[in-house]
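Asks: Enclosed is the structure file input_6.cif (mmCIF, C-alpha atoms).
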data_protein
#
loop_
_atom_site.label_atom_id
_atom_site.label_comp_id
_atom_site.auth_asym_id
_atom_site.auth_seq_id
_atom_site.Cartn_x
_atom_site.Cartn_y
_atom_site.Cartn_z
CA MET A 459 4.10 14.34 1.71
CA PHE A 460 2.58 10.88 1.90
CA ALA A 461 1.48 8.05 -0.31
CA ALA A 462 -1.58 6.37 1.18
CA PHE A 463 -2.63 2.81 0.45
CA LEU A 464 -6.17 2.00 1.54
CA ARG A 465 -7.37 -1.40 2.68
CA ALA A 466 -10.98 -2.61 2.27
CA VAL A 467 -12.04 -0.31 -0.55
CA ASN A 468 -13.12 -1.32 -4.05
CA VAL A 469 -12.52 -5.05 -3.60
CA GLY A 470 -15.01 -7.85 -4.06
CA GLY A 471 -17.93 -5.47 -4.53
CA THR A 472 -17.60 -4.04 -1.02
CA GLY A 473 -16.45 -0.64 0.16
CA LYS A 474 -17.09 1.17 -3.12
CA LEU A 475 -15.15 4.41 -3.13
CA PRO A 476 -14.86 6.31 -6.41
CA MET A 477 -11.51 8.03 -6.66
CA ALA A 478 -13.27 11.38 -7.13
CA ASP A 479 -14.79 10.86 -3.67
CA LEU A 480 -11.38 9.94 -2.24
CA THR A 481 -9.91 13.11 -3.73
CA ARG A 482 -12.71 15.19 -2.17
CA LEU A 483 -12.30 13.48 1.22
CA CYS A 484 -8.58 14.19 1.21
CA THR A 485 -9.06 17.80 0.14
CA ASP A 486 -11.78 18.31 2.77
CA ALA A 487 -9.38 16.84 5.36
CA GLY A 488 -6.96 19.67 4.55
CA PHE A 489 -4.51 17.73 2.38
CA VAL A 490 -3.06 19.43 -0.69
CA GLY A 491 -1.82 18.24 -4.08
CA VAL A 492 -4.15 15.24 -3.90
CA THR A 493 -3.62 12.73 -6.71
CA THR A 494 -5.20 9.28 -6.92
CA TYR A 495 -3.92 6.32 -8.87
CA ILE A 496 -6.14 3.58 -10.29
CA GLN A 497 -9.42 2.50 -8.73
CA SER A 498 -7.96 0.59 -5.77
CA GLY A 499 -7.40 3.14 -3.05
CA ASN A 500 -4.04 4.76 -3.78
CA VAL A 501 -3.58 8.46 -3.14
CA VAL A 502 -0.69 10.91 -2.78
CA PHE A 503 -1.02 14.15 -0.85
CA ALA A 504 0.91 16.72 1.15
CA THR A 505 0.21 17.86 4.67
CA ALA A 506 2.14 19.53 7.46
CA ILE A 507 0.67 17.27 10.14
CA PRO A 508 2.51 14.15 11.35
CA ALA A 509 1.85 10.75 9.81
CA ALA A 510 -0.18 9.41 12.74
CA ALA A 511 -2.49 12.44 12.68
CA ALA A 512 -2.87 12.28 8.87
CA LYS A 513 -3.68 8.57 9.06
CA ALA A 514 -6.28 9.13 11.81
CA ARG A 515 -7.83 12.06 9.92
CA LEU A 516 -8.15 10.10 6.67
CA GLU A 517 -9.48 6.96 8.41
CA ALA A 518 -12.10 9.08 10.21
CA ALA A 519 -13.14 10.71 6.93
CA LEU A 520 -13.40 7.30 5.25
CA ALA A 521 -15.46 5.89 8.13
CA ALA A 522 -17.86 8.83 7.99
CA HIS A 523 -18.17 8.57 4.20
CA MET A 524 -18.53 4.80 3.93
CA GLY A 525 -20.85 4.28 6.88
CA ALA A 526 -21.34 1.55 9.45
CA GLY A 527 -21.91 -1.20 6.89
CA SER A 528 -18.41 -0.90 5.43
CA LEU A 529 -15.49 -3.16 6.26
CA GLY A 530 -13.66 -0.31 7.98
CA ALA A 531 -11.05 1.05 5.61
CA GLN A 532 -7.51 1.23 6.94
CA VAL A 533 -4.87 3.64 5.72
CA PHE A 534 -1.17 2.84 5.39
CA LEU A 535 0.99 5.93 4.88
CA ARG A 536 4.48 5.90 3.41
CA THR A 537 6.93 8.58 2.34
CA ARG A 538 8.63 8.66 -1.04
CA PRO A 539 11.96 7.50 0.47
CA GLU A 540 10.19 4.55 2.09
CA LEU A 541 8.68 3.56 -1.26
CA GLU A 542 12.00 3.93 -3.02
CA ALA A 543 13.66 1.70 -0.42
CA LEU A 544 11.14 -1.01 -1.27
CA LEU A 545 11.86 -0.61 -4.96
CA ASP A 546 15.61 -0.88 -4.29
CA ALA A 547 15.31 -4.19 -2.41
CA PRO A 548 18.16 -6.14 -4.06
CA TRP A 549 16.51 -9.56 -3.91
CA ILE A 550 13.68 -8.38 -6.15
CA GLY A 551 16.21 -8.15 -8.96
CA PRO A 552 14.93 -9.04 -12.42
CA ALA A 553 11.60 -10.40 -11.20
CA ASP A 554 8.47 -9.30 -13.05
CA PRO A 555 7.30 -6.33 -10.92
CA SER A 556 3.69 -7.43 -11.33
CA ARG A 557 4.61 -10.65 -9.50
CA VAL A 558 6.18 -9.02 -6.46
CA LEU A 559 3.76 -7.63 -3.89
CA ALA A 560 4.48 -5.34 -0.98
CA TYR A 561 2.07 -5.97 1.88
CA PHE A 562 1.80 -2.74 3.87
CA LEU A 563 1.26 -3.00 7.64
CA ASP A 564 1.21 -0.56 10.54
CA ALA A 565 4.05 -2.41 12.29
CA PRO A 566 6.64 -4.98 11.27
CA VAL A 567 5.55 -8.60 11.26
CA ALA A 568 7.11 -10.49 14.17
CA PRO A 569 10.06 -12.58 12.97
CA ALA A 570 8.49 -15.73 14.46
CA GLU A 571 5.25 -15.10 12.56
CA LEU A 572 7.12 -14.70 9.29
CA ALA A 573 9.35 -17.72 9.97
CA ALA A 574 6.27 -19.88 10.57
CA ILE A 575 4.97 -19.26 7.04
CA ARG A 576 5.76 -22.20 4.77
CA PRO A 577 5.20 -21.33 1.12
CA PRO A 578 3.51 -24.25 -0.65
CA GLY A 579 5.09 -23.31 -3.98
CA ARG A 580 7.99 -21.22 -5.22
CA GLU A 581 6.92 -18.04 -3.41
CA GLU A 582 9.58 -16.10 -1.52
CA LEU A 583 8.96 -13.82 1.46
CA ARG A 584 11.08 -11.12 3.04
CA ALA A 585 10.39 -8.62 5.78
CA ALA A 586 11.30 -5.06 4.87
CA GLY A 587 10.47 -2.77 7.77
CA ARG A 588 6.69 -2.42 8.00
CA GLU A 589 6.25 -4.33 4.77
CA VAL A 590 6.43 -7.94 3.77
CA LEU A 591 7.57 -8.46 0.21
CA VAL A 592 6.37 -11.60 -1.54
CA ARG A 593 7.55 -12.82 -4.90
CA TYR A 594 4.96 -14.92 -6.72
CA PRO A 595 7.00 -16.41 -9.61
CA ASP A 596 4.02 -18.42 -10.84
CA GLY A 597 1.57 -15.54 -10.35
CA LEU A 598 -0.65 -14.55 -7.46
CA GLY A 599 -3.73 -16.16 -8.99
CA SER A 600 -2.26 -19.65 -8.88
CA SER A 601 -0.61 -19.32 -5.47
CA LYS A 602 -1.86 -21.34 -2.50
CA LEU A 603 0.18 -19.22 -0.07
CA ARG A 604 -1.78 -18.14 3.00
CA LEU A 605 -0.49 -15.12 4.89
CA PRO A 606 -1.73 -14.84 8.50
CA PHE A 607 -1.27 -11.05 8.56
CA LEU A 608 -3.54 -10.31 5.60
CA GLY A 609 -6.37 -9.13 7.85
CA ARG A 610 -4.21 -6.23 8.95
CA ALA A 611 -2.43 -5.43 5.66
CA THR A 612 -2.99 -4.30 2.10
CA GLY A 613 -0.93 -5.38 -0.87
CA ARG A 614 0.26 -3.63 -4.00
CA ASN A 615 2.50 -4.90 -6.76
CA MET A 616 5.80 -3.21 -7.52
CA ASN A 617 4.38 -1.49 -10.61
CA THR A 618 1.92 0.33 -8.35
CA VAL A 619 4.60 1.06 -5.73
CA ARG A 620 6.81 2.54 -8.47
CA LYS A 621 3.97 4.69 -9.83
CA MET A 622 3.14 5.96 -6.34
CA ALA A 623 6.82 6.85 -5.73
CA THR A 624 6.81 8.71 -9.07
CA LEU A 625 3.63 10.60 -8.15
CA ALA A 626 5.11 11.46 -4.75
CA ALA A 627 8.30 12.78 -6.35
CA ALA A 628 6.27 14.88 -8.79
CA LEU A 629 4.22 16.35 -5.95
CA GLU A 630 7.38 17.17 -3.99
CA ALA A 631 8.87 18.90 -7.04
CA THR A 632 5.66 20.87 -7.63
CA LEU A 633 5.52 22.00 -4.01
CA ALA A 634 9.23 22.90 -3.99
CA ALA A 635 8.78 25.00 -7.14
CA GLY A 636 6.06 26.84 -5.22
#
Output the file's structure in the form of structure tokens.

Replies:
Amino acid sequence: MFAAFLRAVNVGGTGKLPMADLTRLCTDAGFVGVTTYIQSGNVVFATAIPAAAAKARLEAALAAHMGAGSLGAQVFLRTRPELEALLDAPWIGPADPSRVLAYFLDAPVAPAELAAIRPPGREELRAAGREVLVRYPDGLGSSKLRLPFLGRATGRNMNTVRKMATLAAALEATLAAG
């Protein structure tokens, strides 16, 4: 079972991908229990194939569907336990979950790259495995923070991460009930 977070779909008028199309692409790729969440490229599904193969299969399906003119959607897969670990990060504490973003990457950000980032405001950054968590206490819209890894990441706030973990748990329970 995986939660997939897509990069370069449904943002800024580019890469339009209706969630009904994403559901069909996932089903056609052989994934089961496909459930999407909001119109920003979030989907939960089950498959018996390994993560790398599922990622490659979904990225190929997206490339074929979106065509050469698209930005090239990337897929970041996580398991329910991985999402729950992000939600349990103790430093997030009482922060407004809409003001904490998890930036999903394929590999951890190098410690030197993260250390070189100097927040211009009250933002806080922490590496958490293949994610970078950023707290925007004054809101993302007013932040001047520039993250050098954004071209290879996609971000979701903790409300979305929590919903995806909930959807993943529900899918696991459904599949276990058979």

Asks: Nearest to A:Thr632: which of A:Ile507, A:Leu559, A:Val492, A:Gln497 is it, counting only C-alpha atoms?

Replies: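 Smallest distance to A:Thr632 is found for A:Val492.
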
Asks: Excluding A:Ser556 and its own-chain neighbours fewer than 6 positions away, which residues fall within 12 Å of it when counting only C-alpha atoms? Please give them as number ranges by chain.

Replies: A: 550, 592-599, 613-620

Asks: Excluding same-chain residues fewer than 4 positions from A:Leu591, what lies within 8 Å of it counting all atoms listed in the file, as a PyMOL selection string?

Replies: chain A and resi 558-561+583-586

Asks: Apply the PyMOL selection byres ((chain A and resi 567) around 8) to the structure shown and report the selected residues as an mmCIF file with C-alpha atoms, keeping the file's coordinate frame.

Replies:
data_model
loop_
_atom_site.group_PDB
_atom_site.id
_atom_site.type_symbol
_atom_site.label_atom_id
_atom_site.label_comp_id
_atom_site.auth_asym_id
_atom_site.auth_seq_id
_atom_site.Cartn_x
_atom_site.Cartn_y
_atom_site.Cartn_z
ATOM 1 C CA LEU A 563 1.260 -3.000 7.640
ATOM 2 C CA ALA A 565 4.050 -2.410 12.290
ATOM 3 C CA PRO A 566 6.640 -4.980 11.270
ATOM 4 C CA ALA A 568 7.110 -10.490 14.170
ATOM 5 C CA PRO A 569 10.060 -12.580 12.970
ATOM 6 C CA GLU A 571 5.250 -15.100 12.560
ATOM 7 C CA LEU A 572 7.120 -14.700 9.290
ATOM 8 C CA ALA A 585 10.390 -8.620 5.780
ATOM 9 C CA ARG A 588 6.690 -2.420 8.000
ATOM 10 C CA GLU A 589 6.250 -4.330 4.770
ATOM 11 C CA VAL A 590 6.430 -7.940 3.770
ATOM 12 C CA PHE A 607 -1.270 -11.050 8.560
#

Asks: Report as an MDAnalysis selection string the full result of the PyMOL selection byres ((chain A and resi 534) around 12) when it is applied to this structure.

Replies: chainID A and resid 460:466 499:502 509:510 512:514 516:517 531:533 535:537 540:541 560:565 588:589 610:614

Asks: Please determine, counting only C-alpha atoms, which residue among A:Ala573, A:Ala478, A:Ala521, A:Ala543 has the shortest atom-to-atom distance to A:Gly587.

Replies: A:Ala543

Asks: In Å, how far is it from atom CA of A:Leu605 to atom CA of A:Pro577?

Replies: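 Distance reported for this atom pair: 9.2 Å.
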
Asks: Rounded to one decimal in Å, what is the spacing between atom CA of A:Ala623 and atom CA of A:Pro606?

Replies: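 Distance between the two atoms: 27.3 Å.
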
Asks: Quick one: pull the distance between atom CA of A:Leu483 and atom CA of A:Pro508, Å, one decimal.

Replies: 18.0 Å

Asks: In terms of the shortest atom-to-atom distance over only C-alpha atoms, which of A:Ala506, A:Ala519, A:Met622, A:Met459 is closest to A:Arg482?

Replies: A:Ala519

Asks: Please determine the residues with any atom at most 10 Å from (5.3, -23.0, -1.5) (coordinates as given in the file, with all atoms listed in the file counting) and report them as a PDB file with C-alpha atoms, in the coordinates of the input.

Replies:
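Result saved to out_26.pdb:
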ATOM      1  CA  ILE A 575       4.970 -19.260   7.040  1.00  0.00           C
ATOM      2  CA  ARG A 576       5.760 -22.200   4.770  1.00  0.00           C
ATOM      3  CA  PRO A 577       5.200 -21.330   1.120  1.00  0.00           C
ATOM      4  CA  PRO A 578       3.510 -24.250  -0.650  1.00  0.00           C
ATOM      5  CA  GLY A 579       5.090 -23.310  -3.980  1.00  0.00           C
ATOM      6  CA  ARG A 580       7.990 -21.220  -5.220  1.00  0.00           C
ATOM      7  CA  GLU A 581       6.920 -18.040  -3.410  1.00  0.00           C
ATOM      8  CA  GLU A 582       9.580 -16.100  -1.520  1.00  0.00           C
ATOM      9  CA  TYR A 594       4.960 -14.920  -6.720  1.00  0.00           C
ATOM     10  CA  SER A 601      -0.610 -19.320  -5.470  1.00  0.00           C
ATOM     11  CA  LYS A 602      -1.860 -21.340  -2.500  1.00  0.00           C
ATOM     12  CA  LEU A 603       0.180 -19.220  -0.070  1.00  0.00           C
ATOM     13  CA  ARG A 604      -1.780 -18.140   3.000  1.00  0.00           C
TER      14      ARG A 604
END

Asks: Run the PyMOL selection byres ((chain A and resi 629) around 9) against the file shown and list the residues it catches, as a PyMOL selection string.

Replies: chain A and resi 459+491-493+502-504+624-628+630-634

Asks: How big is the axis-aligned box around the listed atoms of stretch 593-610 of chain A once 8 Å is added on each side, and where is its centre? Give both in Å to one decimal, as lines of an AutoDock Vina configuration file.

Replies:
center_x = 0.6
center_y = -13.8
center_z = -0.9
size_x = 29.9
size_y = 31.1
size_z = 35.8

Asks: How would stretch 603-614 of chain A look with all heavy atoms restored, written as a short mmCIF file (atom, residue, chain, number, x, y, z; two decimals), in the coordinates of the input?

Replies:
data_model
loop_
_atom_site.label_atom_id
_atom_site.label_comp_id
_atom_site.auth_asym_id
_atom_site.auth_seq_id
_atom_site.Cartn_x
_atom_site.Cartn_y
_atom_site.Cartn_z
N LEU A 603 -0.41 -19.82 -1.26
CA LEU A 603 0.18 -19.22 -0.07
C LEU A 603 -0.87 -18.52 0.77
O LEU A 603 -1.67 -17.73 0.25
CB LEU A 603 1.27 -18.22 -0.49
CG LEU A 603 2.00 -17.48 0.62
CD1 LEU A 603 2.79 -18.46 1.49
CD2 LEU A 603 2.93 -16.43 0.04
N ARG A 604 -0.88 -18.80 2.05
CA ARG A 604 -1.78 -18.14 3.00
C ARG A 604 -0.94 -17.32 3.97
O ARG A 604 -0.04 -17.85 4.61
CB ARG A 604 -2.63 -19.15 3.77
CG ARG A 604 -3.54 -19.99 2.89
CD ARG A 604 -4.59 -19.11 2.20
NE ARG A 604 -5.33 -19.84 1.19
CZ ARG A 604 -5.21 -19.64 -0.11
NH1 ARG A 604 -4.38 -18.74 -0.59
NH2 ARG A 604 -5.93 -20.33 -0.97
N LEU A 605 -1.25 -16.03 4.04
CA LEU A 605 -0.49 -15.12 4.89
C LEU A 605 -1.34 -14.74 6.10
O LEU A 605 -2.40 -14.12 5.93
CB LEU A 605 -0.09 -13.88 4.09
CG LEU A 605 0.77 -14.17 2.86
CD1 LEU A 605 0.92 -12.93 2.00
CD2 LEU A 605 2.12 -14.73 3.27
N PRO A 606 -0.91 -15.08 7.31
CA PRO A 606 -1.73 -14.84 8.50
C PRO A 606 -1.96 -13.37 8.82
O PRO A 606 -2.90 -13.03 9.54
CB PRO A 606 -0.96 -15.54 9.62
CG PRO A 606 0.44 -15.63 9.14
CD PRO A 606 0.35 -15.75 7.64
N PHE A 607 -1.15 -12.49 8.27
CA PHE A 607 -1.27 -11.05 8.56
C PHE A 607 -2.17 -10.31 7.58
O PHE A 607 -2.34 -9.10 7.70
CB PHE A 607 0.12 -10.41 8.60
CG PHE A 607 0.93 -10.63 7.36
CD1 PHE A 607 0.70 -9.89 6.21
CD2 PHE A 607 1.91 -11.59 7.34
CE1 PHE A 607 1.44 -10.10 5.06
CE2 PHE A 607 2.66 -11.82 6.20
CZ PHE A 607 2.43 -11.07 5.06
N LEU A 608 -2.76 -11.00 6.63
CA LEU A 608 -3.54 -10.31 5.60
C LEU A 608 -4.69 -9.48 6.15
O LEU A 608 -5.06 -8.46 5.56
CB LEU A 608 -4.08 -11.29 4.56
CG LEU A 608 -3.11 -11.69 3.46
CD1 LEU A 608 -3.80 -12.55 2.43
CD2 LEU A 608 -2.46 -10.50 2.81
N GLY A 609 -5.27 -9.87 7.26
CA GLY A 609 -6.37 -9.13 7.85
C GLY A 609 -5.98 -7.76 8.38
O GLY A 609 -6.83 -6.93 8.69
N ARG A 610 -4.69 -7.52 8.46
CA ARG A 610 -4.21 -6.23 8.95
C ARG A 610 -3.23 -5.57 7.97
O ARG A 610 -2.40 -4.74 8.35
CB ARG A 610 -3.57 -6.39 10.33
CG ARG A 610 -2.37 -7.30 10.40
CD ARG A 610 -1.89 -7.47 11.86
NE ARG A 610 -0.54 -7.95 11.94
CZ ARG A 610 -0.17 -9.23 11.96
NH1 ARG A 610 -1.08 -10.18 11.90
NH2 ARG A 610 1.10 -9.55 12.06
N ALA A 611 -3.35 -5.93 6.69
CA ALA A 611 -2.43 -5.43 5.66
C ALA A 611 -3.19 -5.15 4.37
O ALA A 611 -4.33 -5.55 4.20
CB ALA A 611 -1.33 -6.48 5.40
N THR A 612 -2.51 -4.45 3.47
CA THR A 612 -2.99 -4.30 2.10
C THR A 612 -1.81 -4.48 1.18
O THR A 612 -0.68 -4.09 1.53
CB THR A 612 -3.69 -2.94 1.86
OG1 THR A 612 -4.37 -2.97 0.62
CG2 THR A 612 -2.73 -1.77 1.90
N GLY A 613 -2.02 -5.09 0.03
CA GLY A 613 -0.93 -5.38 -0.87
C GLY A 613 -1.02 -4.62 -2.17
O GLY A 613 -2.11 -4.36 -2.69
N ARG A 614 0.16 -4.26 -2.69
CA ARG A 614 0.26 -3.63 -4.00
C ARG A 614 1.47 -4.22 -4.71
O ARG A 614 2.50 -4.48 -4.09
CB ARG A 614 0.46 -2.11 -3.90
CG ARG A 614 -0.64 -1.34 -3.19
CD ARG A 614 -1.97 -1.41 -3.92
NE ARG A 614 -2.94 -0.50 -3.35
CZ ARG A 614 -3.72 -0.76 -2.29
NH1 ARG A 614 -3.62 -1.92 -1.67
NH2 ARG A 614 -4.59 0.12 -1.86
#
